[in-house]
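K.L.:
Here it is: the structure, laid out below.
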Amino acid sequence: MSSQTLALNLPHRGPWIISRRQDLTWFIGPALVSYAVLGLLTAGFPMTPLFLIWLVGIDGPHVLATVTRTYFDPAERRRLGSLLWVVAPAMALGPIMVAAGAASLFYLLAVTWLHFHIAKQHFGFVMLYRHKARERNHVDLALDRWFLLASLMLPFALFALRSYYPYLFATAAIQTVHRTLLIGYALLAAAFVLRQVDQWRRGTALNIPKLMLFAAIVPLQWIVFAYAGSGTAEGTVRAGMVLGLFHSFQYHRLLWFHNRNRYGGPQAEGAAGLAAVLARRFGYYFGAAMVLNLLLKVLPGQLAPNLYVNAALWGIPFTHYILDSVIWRVRGDKELASALRLG
């Protein structure tokens with residue numbers, strides 16, 4: 001989900017995106033699922049069954065679920081136009097880099113883009129909660145943005161550097177940069193916390209849902225990458241799975257909320273095509289996402305398990321990242337704002 005600004009002059013509908021129960025269950029509470037899976041892995045539970053459940057039943061379908069409001073919606077197809085063909089170069093990028101002998105660089109870029117995409121989605125939720133609470137202070141916006149992005153990207157950057165460039169990470173110069181970044185991050189975290197304390201002391205209402213989201217994701221990020229250690233392959237998969245659970249549950253619920261509101265009415269049946277059909281029941285929506293994931297990602301990877309095919313299949317998530325950066329821009333899109341009940 002995009003983190004584009006949501007500063008719209010729309011009616012206030014309470015501090016929650018959907019409702020208190022729904023938000024706590026799907027937008028904040030999935031952190032508990034991630035912690036539970038992390039606990040199982042730490043206790044020695046085999047990774048394979050957890051990975052298969054995540055790949056086939058949760059994360060993979062969330063990537064393909066984007067199709068339900070892009071390729072399957074005639075209006076969105078017209079609006080997005082040639083951007084929908086980005087899947088072709090996206091799938092070609094991996095094999096080209098593999099053929100050029102840059103497979104390791106490609107996978108580093110892929111997981112970096114993946115993680116940045118997750119960070120953008122979390123910031124998108126922060127912006128939704130800021131809009132709901134009518135937060136307009138630019139100081140708070142800057143603190144929210146930089147503290148969250150630093151909390152999500154710094155642990156990953158340190159993990160990636162240790163994993164892919166261990167000798168570089170061990171040099172004196174990089175260690176100095178490392179310490180400087182950690183000190184800077186500690187100061188940023190202190191500024192964020194002190195800002196909340198100051199607002200509380202002055203009697204300013206705190207944005208509780210937003211702060212709960214921070215409390216859910218920030219510690220999880222540091223704990224997961226500390227647990228993942230410096231293993232290039234397995235550590236990356238374990239970290240991606242644990243953090244991806246949180247991300248995927250959030251995305252499924254927000255997308256279903258959007259689809260039901262946008263395509264669920266009788267007026268959408270004729271105009272929205274297959275998107276409206278899949279919005280009739282959650283089973284239709286999720287079943288379509290699962291089938292697409294099996295046909296387009298899981299089966300090709302199983303039938304032709306080689307480096308080139310696996311690299312090409314990354315083009316499907318890449319397409320998801322690119323489309324997501326466009327389709328969730330609320331500013332100027334009254335239909336999207338209405339579907340998200342922002343006005």
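Every chain in the structure tokens has a letter given in the order shown (A, B, ...), and although residue numbers restart at 1 in each chain, ligands are simply numbered from 1 in the order shown.
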Counting only C-alpha atoms, give me one row per residue of range 21-138 of chain A with an atom at most 8 Å from an atom of range 143-153 of chain A, showing the shortest contact pair and its distance in Å to one decimal, sorted by chain then residue number, as JSON lines.

P.N.:
{"residue": "A:His115", "atom": "CA", "partner": "A:Met153", "partner_atom": "CA", "distance": 7.6}
{"residue": "A:Phe116", "atom": "CA", "partner": "A:Met153", "partner_atom": "CA", "distance": 7.2}
{"residue": "A:Ala119", "atom": "CA", "partner": "A:Leu152", "partner_atom": "CA", "distance": 6.0}
{"residue": "A:Phe123", "atom": "CA", "partner": "A:Arg145", "partner_atom": "CA", "distance": 7.1}
{"residue": "A:Val126", "atom": "CA", "partner": "A:Asp144", "partner_atom": "CA", "distance": 7.8}

K.L.:
Using DSSP on the backbone coordinates, identify all residues within range 185-303 of chain A classified as alpha helix (DSSP H); present the result as a PyMOL selection string.

P.N.:
chain A and resi 185-201+208-228+234-263+268-271+274-278+282-293+299-303

K.L.:
Using only C-alpha atoms, which residue out of A:Leu84, A:Ala43, A:Ala337, A:Ala65 lies closest to Asn293 in chain A?

P.N.:
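Checking each of A:Leu84, A:Ala43, A:Ala337, A:Ala65 against Asn293 in chain A, counting only C-alpha atoms, the winner is A:Ala65.
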
K.L.:
Sorted by chain and rising residue number, which residues of range 106-134 of chain A lie within 12 Å of range 161-184 of chain A, and what are their closest atom pairs and distances in Å to one decimal, counting only C-alpha atoms, as a Markdown table?

P.N.:
| residue | atom | partner | partner_atom | distance |
| --- | --- | --- | --- | --- |
| A:Phe106 | CA | A:Tyr164 | CA | 11.8 |
| A:Tyr107 | CA | A:Tyr164 | CA | 10.2 |
| A:Leu108 | CA | A:Tyr164 | CA | 7.8 |
| A:Leu109 | CA | A:Tyr164 | CA | 11.3 |
| A:Val111 | CA | A:Tyr164 | CA | 11.8 |
| A:Thr112 | CA | A:Leu161 | CA | 11.2 |

K.L.:
Find the residues of range 38-139 of chain A that sit at most 9 Å from range 277-292 of chain A; for each, write down the nearest two atoms and how far apart they are in Å, to one decimal. Count only C-alpha atoms. Sort by chain, then by number going up, and give it as JSON lines.

P.N.:
{"residue": "A:Val56", "atom": "CA", "partner": "A:Met290", "partner_atom": "CA", "distance": 7.1}
{"residue": "A:Gly57", "atom": "CA", "partner": "A:Met290", "partner_atom": "CA", "distance": 6.8}
{"residue": "A:Ile58", "atom": "CA", "partner": "A:Met290", "partner_atom": "CA", "distance": 8.5}
{"residue": "A:Gly60", "atom": "CA", "partner": "A:Met290", "partner_atom": "CA", "distance": 7.4}
{"residue": "A:Pro61", "atom": "CA", "partner": "A:Ala289", "partner_atom": "CA", "distance": 4.7}
{"residue": "A:His62", "atom": "CA", "partner": "A:Ala289", "partner_atom": "CA", "distance": 7.0}
{"residue": "A:Val63", "atom": "CA", "partner": "A:Ala289", "partner_atom": "CA", "distance": 8.1}
{"residue": "A:Leu64", "atom": "CA", "partner": "A:Ala289", "partner_atom": "CA", "distance": 5.4}
{"residue": "A:Ala65", "atom": "CA", "partner": "A:Ala289", "partner_atom": "CA", "distance": 4.9}
{"residue": "A:Thr66", "atom": "CA", "partner": "A:Ala289", "partner_atom": "CA", "distance": 8.4}
{"residue": "A:Val67", "atom": "CA", "partner": "A:Ala289", "partner_atom": "CA", "distance": 8.0}
{"residue": "A:Thr68", "atom": "CA", "partner": "A:Tyr285", "partner_atom": "CA", "distance": 7.4}

K.L.:
Filtering to C-alpha atoms, could you give me those residues as a PDB file, in the first residue's frame?

P.N.:
ATOM      1  CA  VAL A  56       0.555 -20.937  -0.444  1.00  0.00           C
ATOM      2  CA  GLY A  57      -2.090 -19.710   1.977  1.00  0.00           C
ATOM      3  CA  ILE A  58      -1.148 -16.182   3.071  1.00  0.00           C
ATOM      4  CA  GLY A  60       1.412 -15.588  -2.135  1.00  0.00           C
ATOM      5  CA  PRO A  61      -2.343 -14.906  -2.324  1.00  0.00           C
ATOM      6  CA  HIS A  62      -1.839 -11.368  -0.985  1.00  0.00           C
ATOM      7  CA  VAL A  63       0.504 -10.609  -3.905  1.00  0.00           C
ATOM      8  CA  LEU A  64      -1.980 -11.890  -6.485  1.00  0.00           C
ATOM      9  CA  ALA A  65      -4.972 -10.328  -4.701  1.00  0.00           C
ATOM     10  CA  THR A  66      -3.925  -7.006  -6.243  1.00  0.00           C
ATOM     11  CA  VAL A  67      -5.288  -8.425  -9.512  1.00  0.00           C
ATOM     12  CA  THR A  68      -8.833  -8.212  -8.099  1.00  0.00           C
TER      13      THR A  68
END

K.L.:
Go through A:Val33, A:Leu211, A:Phe249, A:Ala339 one by one, measure the shortest atom-to-atom distance of each to Arg195 in chain A using only C-alpha atoms, and give the residue with the smallest value.

P.N.:
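Nearest candidate to Arg195 in chain A out of A:Val33, A:Leu211, A:Phe249, A:Ala339: A:Leu211.
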
K.L.:
Quote the spacing between CA of Leu220 in chain A and CA of Thr25 in chain A in Å to one decimal place.

P.N.:
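Rounded to one decimal, the two atoms are 16.9 Å apart.
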
K.L.:
Between A:Val86, A:Ala312, A:Ala160, A:Leu32, which is the closest to Ala239 in chain A once you count only C-alpha atoms?

P.N.:
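For Ala239 in chain A, the nearest of the candidates is A:Ala160.
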
K.L.:
Could you tell me which of A:Ala271, A:Leu296, A:Met127, A:Ala304 comes closest to Pro74 in chain A if we count only C-alpha atoms?

P.N.:
A:Ala271

K.L.:
Please compute the CA of Ile18 in chain A-CA of Val197 in chain A distance, one decimal, in Å.

P.N.:
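If I compute the distance from CA of Ile18 in chain A to CA of Val197 in chain A, I get 27.3 Å.
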
K.L.:
Can you pull out every residue within 12 Å of His320 in chain A, counting only C-alpha atoms, but drop anything in the same chain fewer than 2 positions away, and send it as a ChimeraX atom specification?

P.N.:
/A:1-2,59-71,83-87,90-91,113-114,117-118,251,313-318,322-328

K.L.:
Can you spit out the residues from that selection as a tab-separated table (two decimals), in the first residue's frame, using C-alpha atoms?

P.N.:
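Result written to out-v7.tsv:
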chain	number	residue	atom	x	y	z
A	1	MET	CA	0.00	0.00	0.00
A	2	SER	CA	1.33	3.42	-0.90
A	59	ASP	CA	1.69	-14.29	1.42
A	60	GLY	CA	1.41	-15.59	-2.13
A	61	PRO	CA	-2.34	-14.91	-2.32
A	62	HIS	CA	-1.84	-11.37	-0.99
A	63	VAL	CA	0.50	-10.61	-3.91
A	64	LEU	CA	-1.98	-11.89	-6.49
A	65	ALA	CA	-4.97	-10.33	-4.70
A	66	THR	CA	-3.92	-7.01	-6.24
A	67	VAL	CA	-5.29	-8.42	-9.51
A	68	THR	CA	-8.83	-8.21	-8.10
A	69	ARG	CA	-8.75	-4.40	-8.18
A	70	THR	CA	-6.52	-3.85	-11.21
A	71	TYR	CA	-6.60	-6.37	-14.07
A	83	LEU	CA	1.41	0.20	-16.67
A	84	LEU	CA	-0.33	-3.18	-16.44
A	85	TRP	CA	2.23	-4.50	-18.93
A	86	VAL	CA	5.05	-3.80	-16.49
A	87	VAL	CA	4.86	-7.48	-15.58
A	90	ALA	CA	9.62	-7.16	-14.32
A	91	MET	CA	9.81	-10.88	-15.09
A	113	TRP	CA	12.63	-3.88	-2.61
A	114	LEU	CA	10.40	-6.35	-0.75
A	117	HIS	CA	7.47	-2.25	0.10
A	118	ILE	CA	6.55	-3.58	3.56
A	251	TYR	CA	-3.14	-6.14	3.16
A	313	LEU	CA	8.93	-15.40	-10.87
A	314	TRP	CA	10.13	-12.48	-8.76
A	315	GLY	CA	8.59	-10.34	-11.51
A	316	ILE	CA	5.14	-11.07	-10.08
A	317	PRO	CA	5.90	-9.51	-6.66
A	318	PHE	CA	7.72	-6.68	-8.46
A	322	ILE	CA	4.77	-1.15	-8.66
A	323	LEU	CA	0.98	-1.29	-8.95
A	324	ASP	CA	0.55	-0.82	-5.22
A	325	SER	CA	2.59	2.37	-5.36
A	326	VAL	CA	-0.05	3.77	-7.74
A	327	ILE	CA	-3.45	2.33	-6.81
A	328	TRP	CA	-3.46	3.38	-3.14

K.L.:
Nearest to Val330 in chain A among A:Gly244, A:Gly29, A:Gly124, A:Pro95, with distances taken over only C-alpha atoms: which residue is it?

P.N.:
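The closest residue to Val330 in chain A is A:Gly124.
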
K.L.:
A:Ile208, A:Ile96, A:Leu24, A:Ala110: which is nearest Thr319 in chain A, counting only C-alpha atoms?

P.N.:
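The shortest atom-to-atom distance to Thr319 in chain A comes from A:Ala110.
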
K.L.:
Which residues are close to Ala75 in chain A, i.e. within 12 Å by only C-alpha atoms, leaving aside same-chain residues fewer than 6 positions away? Reply as a compact mmCIF listing (two decimals) with N, CA and C atoms, in the first residue's frame.

P.N.:
# COMPACT_ATOMS: atom_id res chain seq x y z
N ARG A 69 -8.37 -5.81 -8.04
CA ARG A 69 -8.75 -4.40 -8.18
C ARG A 69 -7.92 -3.68 -9.23
N GLY A 81 -3.75 1.62 -17.83
CA GLY A 81 -3.25 1.52 -19.20
C GLY A 81 -2.03 0.64 -19.34
N ARG A 262 -16.28 -0.87 -2.71
CA ARG A 262 -16.22 -0.32 -4.07
C ARG A 262 -17.03 -1.13 -5.07
N TYR A 263 -17.02 -2.44 -4.90
CA TYR A 263 -17.65 -3.30 -5.90
C TYR A 263 -18.87 -4.06 -5.37
N ALA A 268 -22.42 -1.63 -9.13
CA ALA A 268 -21.10 -2.02 -9.64
C ALA A 268 -21.13 -3.31 -10.44
N GLY A 270 -22.56 -4.37 -13.17
CA GLY A 270 -22.34 -4.32 -14.61
C GLY A 270 -21.05 -3.64 -15.00
N ALA A 271 -20.65 -2.63 -14.23
CA ALA A 271 -19.51 -1.81 -14.63
C ALA A 271 -18.17 -2.39 -14.21
N ALA A 272 -18.13 -3.11 -13.09
CA ALA A 272 -16.84 -3.56 -12.54
C ALA A 272 -16.46 -4.96 -12.96
N GLY A 273 -17.27 -5.63 -13.73
CA GLY A 273 -16.91 -6.93 -14.27
C GLY A 273 -16.58 -7.97 -13.22
N LEU A 274 -15.48 -8.70 -13.44
CA LEU A 274 -15.09 -9.79 -12.54
C LEU A 274 -14.77 -9.27 -11.14
N ALA A 275 -14.29 -8.04 -11.04
CA ALA A 275 -14.00 -7.47 -9.72
C ALA A 275 -15.25 -7.47 -8.85
N ALA A 276 -16.39 -7.15 -9.44
CA ALA A 276 -17.65 -7.13 -8.69
C ALA A 276 -18.09 -8.54 -8.31
N GLU A 335 -12.99 8.15 -5.57
CA GLU A 335 -13.57 6.80 -5.49
C GLU A 335 -12.83 5.94 -4.49
